[in-house]
>>> print(open('query.cif').read())   # mmCIF, N, CA and C atoms
data_query
#
loop_
_atom_site.label_atom_id
_atom_site.label_comp_id
_atom_site.auth_asym_id
_atom_site.auth_seq_id
_atom_site.Cartn_x
_atom_site.Cartn_y
_atom_site.Cartn_z
N GLN A 1 0.84 -1.19 0.00
CA GLN A 1 0.00 0.00 0.00
C GLN A 1 0.88 1.24 0.00
N VAL A 2 0.65 2.13 -0.94
CA VAL A 2 1.42 3.37 -1.04
C VAL A 2 1.02 4.31 0.08
N GLN A 3 2.02 4.87 0.74
CA GLN A 3 1.76 5.83 1.79
C GLN A 3 2.84 6.90 1.77
N LEU A 4 2.42 8.14 1.94
CA LEU A 4 3.32 9.28 2.04
C LEU A 4 2.97 10.02 3.32
N VAL A 5 3.96 10.19 4.19
CA VAL A 5 3.71 10.85 5.47
C VAL A 5 4.65 12.05 5.59
N GLU A 6 4.06 13.24 5.59
CA GLU A 6 4.85 14.47 5.74
C GLU A 6 4.99 14.82 7.22
N SER A 7 6.09 15.45 7.53
CA SER A 7 6.33 15.95 8.88
C SER A 7 7.30 17.11 8.81
N GLY A 8 7.43 17.82 9.93
CA GLY A 8 8.41 18.90 10.01
C GLY A 8 7.83 20.29 9.91
N GLY A 9 6.54 20.38 9.66
CA GLY A 9 5.93 21.70 9.60
C GLY A 9 5.85 22.33 10.98
N GLY A 10 5.47 23.60 11.00
CA GLY A 10 5.33 24.31 12.26
C GLY A 10 5.28 25.79 12.08
N LEU A 11 5.47 26.50 13.17
CA LEU A 11 5.45 27.96 13.18
C LEU A 11 6.88 28.46 13.26
N VAL A 12 7.22 29.39 12.37
CA VAL A 12 8.58 29.93 12.36
C VAL A 12 8.50 31.42 12.02
N GLN A 13 9.45 32.17 12.50
CA GLN A 13 9.48 33.60 12.20
C GLN A 13 10.05 33.84 10.81
N SER A 14 9.67 34.96 10.25
CA SER A 14 10.20 35.36 8.95
C SER A 14 11.73 35.37 8.99
N GLY A 15 12.33 34.78 7.96
CA GLY A 15 13.77 34.66 7.90
C GLY A 15 14.29 33.35 8.45
N GLY A 16 13.43 32.59 9.09
CA GLY A 16 13.83 31.32 9.68
C GLY A 16 13.85 30.18 8.68
N SER A 17 14.12 28.98 9.21
CA SER A 17 14.26 27.80 8.37
C SER A 17 13.44 26.63 8.93
N LEU A 18 13.03 25.77 8.03
CA LEU A 18 12.38 24.51 8.39
C LEU A 18 12.80 23.46 7.38
N THR A 19 12.80 22.21 7.81
CA THR A 19 13.01 21.10 6.89
C THR A 19 11.82 20.16 6.98
N LEU A 20 11.14 19.98 5.86
CA LEU A 20 10.02 19.04 5.79
C LEU A 20 10.53 17.68 5.33
N SER A 21 9.89 16.64 5.84
CA SER A 21 10.22 15.27 5.44
C SER A 21 8.98 14.61 4.85
N CYS A 22 9.22 13.76 3.88
CA CYS A 22 8.15 12.95 3.28
C CYS A 22 8.63 11.51 3.30
N ALA A 23 8.12 10.75 4.23
CA ALA A 23 8.50 9.34 4.35
C ALA A 23 7.58 8.49 3.48
N ALA A 24 8.19 7.76 2.56
CA ALA A 24 7.41 6.95 1.61
C ALA A 24 7.44 5.49 2.02
N SER A 25 6.35 4.81 1.77
CA SER A 25 6.29 3.36 1.97
C SER A 25 5.40 2.74 0.90
N GLY A 26 5.66 1.47 0.64
CA GLY A 26 4.87 0.77 -0.37
C GLY A 26 5.45 0.88 -1.78
N PHE A 27 6.51 1.65 -1.93
CA PHE A 27 7.17 1.79 -3.22
C PHE A 27 8.57 2.34 -2.98
N THR A 28 9.43 2.25 -4.00
CA THR A 28 10.80 2.76 -3.89
C THR A 28 10.84 4.18 -4.41
N ALA A 29 10.93 5.12 -3.48
CA ALA A 29 10.83 6.53 -3.83
C ALA A 29 11.93 6.99 -4.78
N ALA A 30 13.08 6.34 -4.72
CA ALA A 30 14.22 6.76 -5.54
C ALA A 30 13.92 6.68 -7.04
N PHE A 31 12.96 5.89 -7.43
CA PHE A 31 12.67 5.69 -8.84
C PHE A 31 11.58 6.61 -9.40
N TYR A 32 11.03 7.47 -8.53
CA TYR A 32 9.89 8.27 -8.93
C TYR A 32 10.18 9.77 -8.83
N ALA A 33 9.52 10.52 -9.70
CA ALA A 33 9.53 11.97 -9.56
C ALA A 33 8.64 12.33 -8.38
N ILE A 34 9.23 13.06 -7.44
CA ILE A 34 8.50 13.44 -6.23
C ILE A 34 8.59 14.94 -6.05
N GLY A 35 7.46 15.55 -5.75
CA GLY A 35 7.43 16.99 -5.61
C GLY A 35 6.81 17.44 -4.31
N TRP A 36 7.03 18.68 -4.02
CA TRP A 36 6.36 19.37 -2.91
C TRP A 36 5.41 20.39 -3.52
N VAL A 37 4.19 20.34 -3.07
CA VAL A 37 3.13 21.23 -3.57
C VAL A 37 2.51 21.91 -2.36
N ARG A 38 2.27 23.19 -2.45
CA ARG A 38 1.68 23.89 -1.31
C ARG A 38 0.35 24.52 -1.68
N GLN A 39 -0.46 24.71 -0.68
CA GLN A 39 -1.74 25.40 -0.89
C GLN A 39 -2.00 26.34 0.27
N ALA A 40 -2.07 27.60 -0.04
CA ALA A 40 -2.39 28.63 0.94
C ALA A 40 -3.90 28.84 0.96
N PRO A 41 -4.43 29.35 2.07
CA PRO A 41 -5.88 29.58 2.16
C PRO A 41 -6.39 30.46 1.03
N GLY A 42 -7.43 29.99 0.36
CA GLY A 42 -8.03 30.77 -0.71
C GLY A 42 -7.26 30.79 -2.00
N LYS A 43 -6.18 30.01 -2.08
CA LYS A 43 -5.36 29.99 -3.29
C LYS A 43 -5.29 28.58 -3.88
N GLU A 44 -4.92 28.52 -5.15
CA GLU A 44 -4.76 27.23 -5.79
C GLU A 44 -3.45 26.57 -5.35
N ARG A 45 -3.39 25.28 -5.54
CA ARG A 45 -2.16 24.56 -5.23
C ARG A 45 -1.04 25.02 -6.15
N GLU A 46 0.16 25.08 -5.58
CA GLU A 46 1.33 25.55 -6.32
C GLU A 46 2.47 24.55 -6.13
N GLY A 47 2.99 24.03 -7.22
CA GLY A 47 4.15 23.17 -7.14
C GLY A 47 5.38 24.01 -6.84
N VAL A 48 6.13 23.68 -5.78
CA VAL A 48 7.27 24.50 -5.41
C VAL A 48 8.61 23.84 -5.71
N ALA A 49 8.67 22.53 -5.68
CA ALA A 49 9.94 21.84 -5.93
C ALA A 49 9.67 20.41 -6.36
N CYS A 50 10.61 19.87 -7.12
CA CYS A 50 10.46 18.49 -7.58
C CYS A 50 11.85 17.88 -7.79
N ILE A 51 11.96 16.59 -7.52
CA ILE A 51 13.18 15.85 -7.86
C ILE A 51 12.76 14.72 -8.79
N SER A 52 13.48 14.59 -9.89
CA SER A 52 13.03 13.68 -10.94
C SER A 52 13.29 12.23 -10.59
N GLY A 53 12.61 11.37 -11.29
CA GLY A 53 12.73 9.93 -11.07
C GLY A 53 13.72 9.25 -11.97
N ASN A 54 14.42 10.01 -12.82
CA ASN A 54 15.39 9.38 -13.71
C ASN A 54 16.82 9.80 -13.43
N ASP A 55 17.05 11.11 -13.25
CA ASP A 55 18.44 11.55 -13.04
C ASP A 55 18.61 12.39 -11.78
N ASP A 56 17.59 12.41 -10.92
CA ASP A 56 17.63 13.21 -9.69
C ASP A 56 17.79 14.70 -9.97
N GLY A 57 17.44 15.11 -11.19
CA GLY A 57 17.42 16.54 -11.46
C GLY A 57 16.35 17.22 -10.63
N THR A 58 16.56 18.51 -10.34
CA THR A 58 15.62 19.23 -9.50
C THR A 58 15.03 20.41 -10.26
N LYS A 59 13.88 20.83 -9.78
CA LYS A 59 13.12 21.90 -10.42
C LYS A 59 12.43 22.69 -9.32
N TYR A 60 12.46 24.03 -9.45
CA TYR A 60 11.88 24.88 -8.42
C TYR A 60 10.99 25.95 -9.03
N ALA A 61 9.98 26.32 -8.28
CA ALA A 61 9.18 27.48 -8.68
C ALA A 61 10.03 28.73 -8.49
N ASP A 62 9.76 29.74 -9.30
CA ASP A 62 10.52 30.99 -9.18
C ASP A 62 10.39 31.60 -7.79
N SER A 63 9.23 31.40 -7.18
CA SER A 63 8.96 32.02 -5.88
C SER A 63 9.84 31.47 -4.76
N VAL A 64 10.43 30.29 -4.97
CA VAL A 64 11.24 29.67 -3.90
C VAL A 64 12.67 29.40 -4.34
N SER A 65 12.97 29.60 -5.59
CA SER A 65 14.31 29.31 -6.11
C SER A 65 15.36 30.08 -5.33
N GLY A 66 16.40 29.37 -4.90
CA GLY A 66 17.47 29.99 -4.12
C GLY A 66 17.22 29.95 -2.62
N ARG A 67 16.00 29.61 -2.22
CA ARG A 67 15.67 29.52 -0.79
C ARG A 67 15.31 28.11 -0.35
N PHE A 68 14.71 27.32 -1.25
CA PHE A 68 14.29 25.96 -0.94
C PHE A 68 15.20 24.97 -1.65
N THR A 69 15.43 23.82 -1.00
CA THR A 69 16.24 22.76 -1.59
C THR A 69 15.55 21.42 -1.37
N ILE A 70 15.32 20.70 -2.45
CA ILE A 70 14.73 19.37 -2.36
C ILE A 70 15.83 18.33 -2.48
N SER A 71 15.70 17.26 -1.71
CA SER A 71 16.69 16.19 -1.76
C SER A 71 16.02 14.89 -1.34
N ARG A 72 16.73 13.77 -1.55
CA ARG A 72 16.17 12.52 -1.08
C ARG A 72 17.27 11.64 -0.50
N ASP A 73 16.86 10.85 0.48
CA ASP A 73 17.72 9.86 1.10
C ASP A 73 17.19 8.51 0.66
N LYS A 74 17.91 7.88 -0.26
CA LYS A 74 17.41 6.63 -0.82
C LYS A 74 17.36 5.52 0.22
N ALA A 75 18.29 5.53 1.15
CA ALA A 75 18.32 4.49 2.18
C ALA A 75 17.10 4.59 3.10
N LYS A 76 16.66 5.82 3.34
CA LYS A 76 15.51 6.03 4.24
C LYS A 76 14.19 6.13 3.48
N ASN A 77 14.27 6.07 2.13
CA ASN A 77 13.05 6.18 1.31
C ASN A 77 12.27 7.44 1.65
N THR A 78 13.02 8.54 1.80
CA THR A 78 12.45 9.80 2.27
C THR A 78 12.93 10.95 1.39
N VAL A 79 12.03 11.88 1.16
CA VAL A 79 12.35 13.10 0.42
C VAL A 79 12.22 14.28 1.38
N TYR A 80 13.12 15.24 1.25
CA TYR A 80 13.15 16.40 2.14
C TYR A 80 12.95 17.69 1.36
N LEU A 81 12.47 18.68 2.08
CA LEU A 81 12.42 20.04 1.53
C LEU A 81 13.00 20.96 2.59
N ARG A 82 14.20 21.43 2.33
CA ARG A 82 14.84 22.40 3.20
C ARG A 82 14.38 23.79 2.77
N MET A 83 13.84 24.55 3.72
CA MET A 83 13.29 25.88 3.42
C MET A 83 14.04 26.91 4.25
N ASP A 84 14.76 27.79 3.59
CA ASP A 84 15.52 28.85 4.25
C ASP A 84 14.93 30.21 3.92
N ASN A 85 15.26 31.19 4.75
CA ASN A 85 14.80 32.56 4.53
C ASN A 85 13.29 32.59 4.27
N LEU A 86 12.55 31.95 5.14
CA LEU A 86 11.11 31.85 4.96
C LEU A 86 10.44 33.21 5.07
N LYS A 87 9.38 33.37 4.30
CA LYS A 87 8.62 34.61 4.24
C LYS A 87 7.16 34.32 4.62
N PRO A 88 6.44 35.32 5.06
CA PRO A 88 5.02 35.10 5.40
C PRO A 88 4.22 34.51 4.24
N GLU A 89 4.59 34.85 3.02
CA GLU A 89 3.86 34.31 1.87
C GLU A 89 4.15 32.84 1.61
N ASP A 90 5.08 32.26 2.36
CA ASP A 90 5.31 30.81 2.27
C ASP A 90 4.33 30.03 3.14
N THR A 91 3.53 30.73 3.92
CA THR A 91 2.55 30.06 4.77
C THR A 91 1.56 29.27 3.92
N ALA A 92 1.44 27.97 4.23
CA ALA A 92 0.58 27.09 3.43
C ALA A 92 0.62 25.69 4.04
N VAL A 93 -0.25 24.85 3.54
CA VAL A 93 -0.13 23.42 3.79
C VAL A 93 0.75 22.85 2.68
N TYR A 94 1.77 22.12 3.08
CA TYR A 94 2.72 21.54 2.13
C TYR A 94 2.45 20.05 2.00
N TYR A 95 2.31 19.61 0.76
CA TYR A 95 2.06 18.22 0.46
C TYR A 95 3.23 17.65 -0.34
N CYS A 96 3.58 16.40 -0.08
CA CYS A 96 4.47 15.73 -1.03
C CYS A 96 3.60 14.89 -1.96
N ALA A 97 4.07 14.75 -3.18
CA ALA A 97 3.27 14.11 -4.20
C ALA A 97 4.19 13.34 -5.16
N VAL A 98 3.66 12.28 -5.73
CA VAL A 98 4.44 11.38 -6.57
C VAL A 98 3.80 11.27 -7.95
N GLU A 99 4.64 11.35 -8.96
CA GLU A 99 4.16 11.13 -10.32
C GLU A 99 4.45 9.70 -10.73
N THR A 100 3.47 9.06 -11.32
CA THR A 100 3.67 7.70 -11.83
C THR A 100 3.59 7.73 -13.35
N PRO A 101 4.14 6.70 -14.04
CA PRO A 101 4.93 5.59 -13.50
C PRO A 101 6.34 6.01 -13.12
N TYR A 102 7.16 5.08 -12.68
CA TYR A 102 8.49 5.41 -12.22
C TYR A 102 9.38 5.85 -13.39
N GLY A 103 10.46 6.53 -13.04
CA GLY A 103 11.47 6.88 -14.04
C GLY A 103 11.18 8.13 -14.84
N ARG A 104 10.24 8.91 -14.41
CA ARG A 104 9.86 10.08 -15.19
C ARG A 104 10.56 11.34 -14.69
N SER A 105 10.64 12.33 -15.59
CA SER A 105 11.12 13.64 -15.19
C SER A 105 10.02 14.35 -14.40
N CYS A 106 10.40 15.48 -13.82
CA CYS A 106 9.41 16.24 -13.06
C CYS A 106 8.28 16.69 -13.97
N PRO A 107 7.05 16.66 -13.47
CA PRO A 107 5.92 17.07 -14.31
C PRO A 107 5.90 18.58 -14.53
N ASP A 108 5.19 18.96 -15.57
CA ASP A 108 5.07 20.40 -15.86
C ASP A 108 4.07 21.09 -14.95
N THR A 109 3.07 20.35 -14.51
CA THR A 109 2.06 20.92 -13.63
C THR A 109 1.79 19.98 -12.46
N GLN A 110 1.36 20.57 -11.36
CA GLN A 110 1.12 19.75 -10.16
C GLN A 110 -0.06 18.82 -10.35
N SER A 111 -0.90 19.07 -11.33
CA SER A 111 -2.05 18.20 -11.58
C SER A 111 -1.64 16.82 -12.11
N GLU A 112 -0.37 16.68 -12.48
CA GLU A 112 0.11 15.41 -13.00
C GLU A 112 0.54 14.44 -11.91
N TYR A 113 0.59 14.90 -10.67
CA TYR A 113 0.93 13.99 -9.58
C TYR A 113 -0.23 13.05 -9.29
N ASP A 114 0.12 11.81 -8.95
CA ASP A 114 -0.92 10.79 -8.77
C ASP A 114 -1.14 10.38 -7.32
N TRP A 115 -0.07 10.36 -6.53
CA TRP A 115 -0.19 9.96 -5.13
C TRP A 115 0.15 11.16 -4.25
N TRP A 116 -0.61 11.34 -3.19
CA TRP A 116 -0.47 12.52 -2.34
C TRP A 116 -0.42 12.14 -0.88
N GLY A 117 0.36 12.90 -0.11
CA GLY A 117 0.35 12.77 1.33
C GLY A 117 -0.78 13.60 1.92
N GLN A 118 -0.82 13.63 3.24
CA GLN A 118 -1.92 14.33 3.92
C GLN A 118 -1.61 15.80 4.19
N GLY A 119 -0.35 16.17 4.03
CA GLY A 119 0.04 17.58 4.19
C GLY A 119 0.53 17.91 5.58
N THR A 120 1.35 18.96 5.63
CA THR A 120 1.84 19.48 6.91
C THR A 120 1.80 21.00 6.85
N GLN A 121 1.34 21.63 7.91
CA GLN A 121 1.14 23.08 7.93
C GLN A 121 2.46 23.80 8.22
N VAL A 122 2.73 24.80 7.41
CA VAL A 122 3.86 25.71 7.65
C VAL A 122 3.29 27.11 7.81
N THR A 123 3.62 27.74 8.92
CA THR A 123 3.15 29.10 9.17
C THR A 123 4.36 29.98 9.46
N VAL A 124 4.48 31.06 8.70
CA VAL A 124 5.59 31.99 8.86
C VAL A 124 5.04 33.31 9.36
N SER A 125 5.49 33.71 10.52
CA SER A 125 5.02 34.96 11.11
C SER A 125 5.95 36.10 10.72
N SER A 126 5.37 37.28 10.60
CA SER A 126 6.18 38.44 10.19
C SER A 126 6.80 39.15 11.38
#
>>> encode(input="query.cif", output="structure tokens")
Amino acid sequence: QVQLVESGGGLVQSGGSLTLSCAASGFTAAFYAIGWVRQAPGKEREGVACISGNDDGTKYADSVSGRFTISRDKAKNTVYLRMDNLKPEDTAVYYCAVETPYGRSCPDTQSEYDWWGQGTQVTVSS
């Protein structure tokens, strides 16, 4: 059974840092394109980062480029999102998501993800 469990969210002051974790089970995460998608209240979901399932290439939204870093630990079957220099506009629920089948590059839109976690709340105070 495929399962994605996010953790690491919380409340942080503007300029602070957080690292989110997405623990995968039921499949080998190293072979799949996995992304982080966020949704702020009243806004549409936004893909912020992705690591590909073929060459571990990474992709970031312009809004987070240079501040967020996605990575994966193949031994732990876990994907991380390191978030630095956080801003109030980064406040959202963050989801990890997986594109199937395995071996694909990062999708062009977040609507292409097939498996989703339950999300973790990130709140950045000003």
>>> resolve_selection(input="query.cif", expression="the PyMOL selection byres (((chain A and resi 43-48 and name CA) around 8) and name CA)", output="ChimeraX atom specification")
/A:35-42,49-50,60-61,63-64,109-110
>>> atom_distance(input="query.cif", atom1="atom N of A:Arg67", atom2="atom CA of A:Asn85")
7.5 Å
>>> closest_residue(input="query.cif", among="A:Ala29, A:Lys59, A:Val93, A:Cys106", to="A:Gly9", atoms="only C-alpha atoms")
A:Val93
>>> closest_residue(input="query.cif", among="A:Met83, A:Gly57, A:Gln118, A:Leu4", to="A:Thr69", atoms="all atoms listed in the file")
A:Met83
>>> closest_residue(input="query.cif", among="A:Ala23, A:Val12, A:Leu18, A:Ile34", to="A:Asp84", atoms="only N, CA and C atoms")
A:Leu18
>>> closest_residue(input="query.cif", among="A:Tyr80, A:Phe68, A:Trp115, A:Phe31", to="A:Cys96", atoms="all atoms listed in the file")
A:Trp115
>>> closest_residue(input="query.cif", among="A:Ile51, A:Ala30, A:Leu20, A:Val98", to="A:Arg82", atoms="only C-alpha atoms")
A:Leu20
>>> atom_distance(input="query.cif", atom1="atom C of A:Gly117", atom2="atom CA of A:Tyr32")
16.1 Å
>>> closest_residue(input="query.cif", among="A:Gly10, A:Ala24, A:Arg104, A:Val5", to="A:Gln121", atoms="all atoms listed in the file")
A:Gly10
>>> residues_around(input="query.cif", residues="A:Ser21", least_positions_apart="3", cutoff="6 Å", atoms="all atoms listed in the file", output="VMD selection string")
chain A and resid 5 to 8 79 to 81
>>> atom_distance(input="query.cif", atom1="atom CA of A:Asp108", atom2="atom C of A:Thr28")
20.7 Å
>>> axis_aligned_box(input="query.cif", around="stretch 76-95 of chain A", padding_each_side="6 Å", output="AutoDock Vina command-line options")
--center_x 8.2 --center_y 20.6 --center_z 2.5 --size_x 28.9 --size_y 41.5 --size_z 17.7
>>> select_by_dssp(input="query.cif", residues="stretch 67-122 of chain A", states="helix (DSSP H, G or I)", output="compact mmCIF listing (two decimals) with N, CA and C atoms, keeping the file's coordinate frame")
# COMPACT_ATOMS: atom_id res chain seq x y z
N PRO A 88 6.44 35.32 5.06
CA PRO A 88 5.02 35.10 5.40
C PRO A 88 4.22 34.51 4.24
N GLU A 89 4.59 34.85 3.02
CA GLU A 89 3.86 34.31 1.87
C GLU A 89 4.15 32.84 1.61
N ASP A 90 5.08 32.26 2.36
CA ASP A 90 5.31 30.81 2.27
C ASP A 90 4.33 30.03 3.14
N GLN A 110 1.36 20.57 -11.36
CA GLN A 110 1.12 19.75 -10.16
C GLN A 110 -0.06 18.82 -10.35
N SER A 111 -0.90 19.07 -11.33
CA SER A 111 -2.05 18.20 -11.58
C SER A 111 -1.64 16.82 -12.11
N GLU A 112 -0.37 16.68 -12.48
CA GLU A 112 0.11 15.41 -13.00
C GLU A 112 0.54 14.44 -11.91
>>> resolve_selection(input="query.cif", expression="the PyMOL selection byres ((chain A and resi 15) around 5)", output="ChimeraX atom specification")
/A:13-14,16-17,85-87
>>> resolve_selection(input="query.cif", expression="the PyMOL selection byres ((chain A and resi 100) around 6.5)", output="list of chain:residue names")
A:Ala33, A:Val98, A:Glu99, A:Pro101, A:Tyr102, A:Glu112, A:Tyr113, A:Asp114, A:Trp115
>>> decode(input="query.cif", residues="stretch 61-90 of chain A", atoms="C-alpha atoms", output="PDB file, in the first residue's frame")
ATOM      1  CA  ALA A  61       9.183  27.479  -8.682  1.00  0.00           C
ATOM      2  CA  ASP A  62      10.516  30.992  -9.182  1.00  0.00           C
ATOM      3  CA  SER A  63       8.964  32.024  -5.876  1.00  0.00           C
ATOM      4  CA  VAL A  64      11.238  29.674  -3.897  1.00  0.00           C
ATOM      5  CA  SER A  65      14.307  29.305  -6.108  1.00  0.00           C
ATOM      6  CA  GLY A  66      17.468  29.987  -4.123  1.00  0.00           C
ATOM      7  CA  ARG A  67      15.667  29.525  -0.791  1.00  0.00           C
ATOM      8  CA  PHE A  68      14.289  25.960  -0.941  1.00  0.00           C
ATOM      9  CA  THR A  69      16.235  22.761  -1.591  1.00  0.00           C
ATOM     10  CA  ILE A  70      14.726  19.368  -2.358  1.00  0.00           C
ATOM     11  CA  SER A  71      16.691  16.188  -1.756  1.00  0.00           C
ATOM     12  CA  ARG A  72      16.174  12.518  -1.079  1.00  0.00           C
ATOM     13  CA  ASP A  73      17.723   9.864   1.096  1.00  0.00           C
ATOM     14  CA  LYS A  74      17.407   6.630  -0.817  1.00  0.00           C
ATOM     15  CA  ALA A  75      18.316   4.486   2.181  1.00  0.00           C
ATOM     16  CA  LYS A  76      15.512   6.030   4.235  1.00  0.00           C
ATOM     17  CA  ASN A  77      13.054   6.182   1.311  1.00  0.00           C
ATOM     18  CA  THR A  78      12.454   9.805   2.271  1.00  0.00           C
ATOM     19  CA  VAL A  79      12.351  13.102   0.418  1.00  0.00           C
ATOM     20  CA  TYR A  80      13.152  16.395   2.140  1.00  0.00           C
ATOM     21  CA  LEU A  81      12.419  20.043   1.534  1.00  0.00           C
ATOM     22  CA  ARG A  82      14.840  22.404   3.204  1.00  0.00           C
ATOM     23  CA  MET A  83      13.294  25.878   3.419  1.00  0.00           C
ATOM     24  CA  ASP A  84      15.517  28.852   4.253  1.00  0.00           C
ATOM     25  CA  ASN A  85      14.796  32.562   4.529  1.00  0.00           C
ATOM     26  CA  LEU A  86      11.112  31.852   4.958  1.00  0.00           C
ATOM     27  CA  LYS A  87       8.616  34.607   4.243  1.00  0.00           C
ATOM     28  CA  PRO A  88       5.019  35.099   5.402  1.00  0.00           C
ATOM     29  CA  GLU A  89       3.861  34.309   1.869  1.00  0.00           C
ATOM     30  CA  ASP A  90       5.311  30.814   2.269  1.00  0.00           C
TER      31      ASP A  90
END
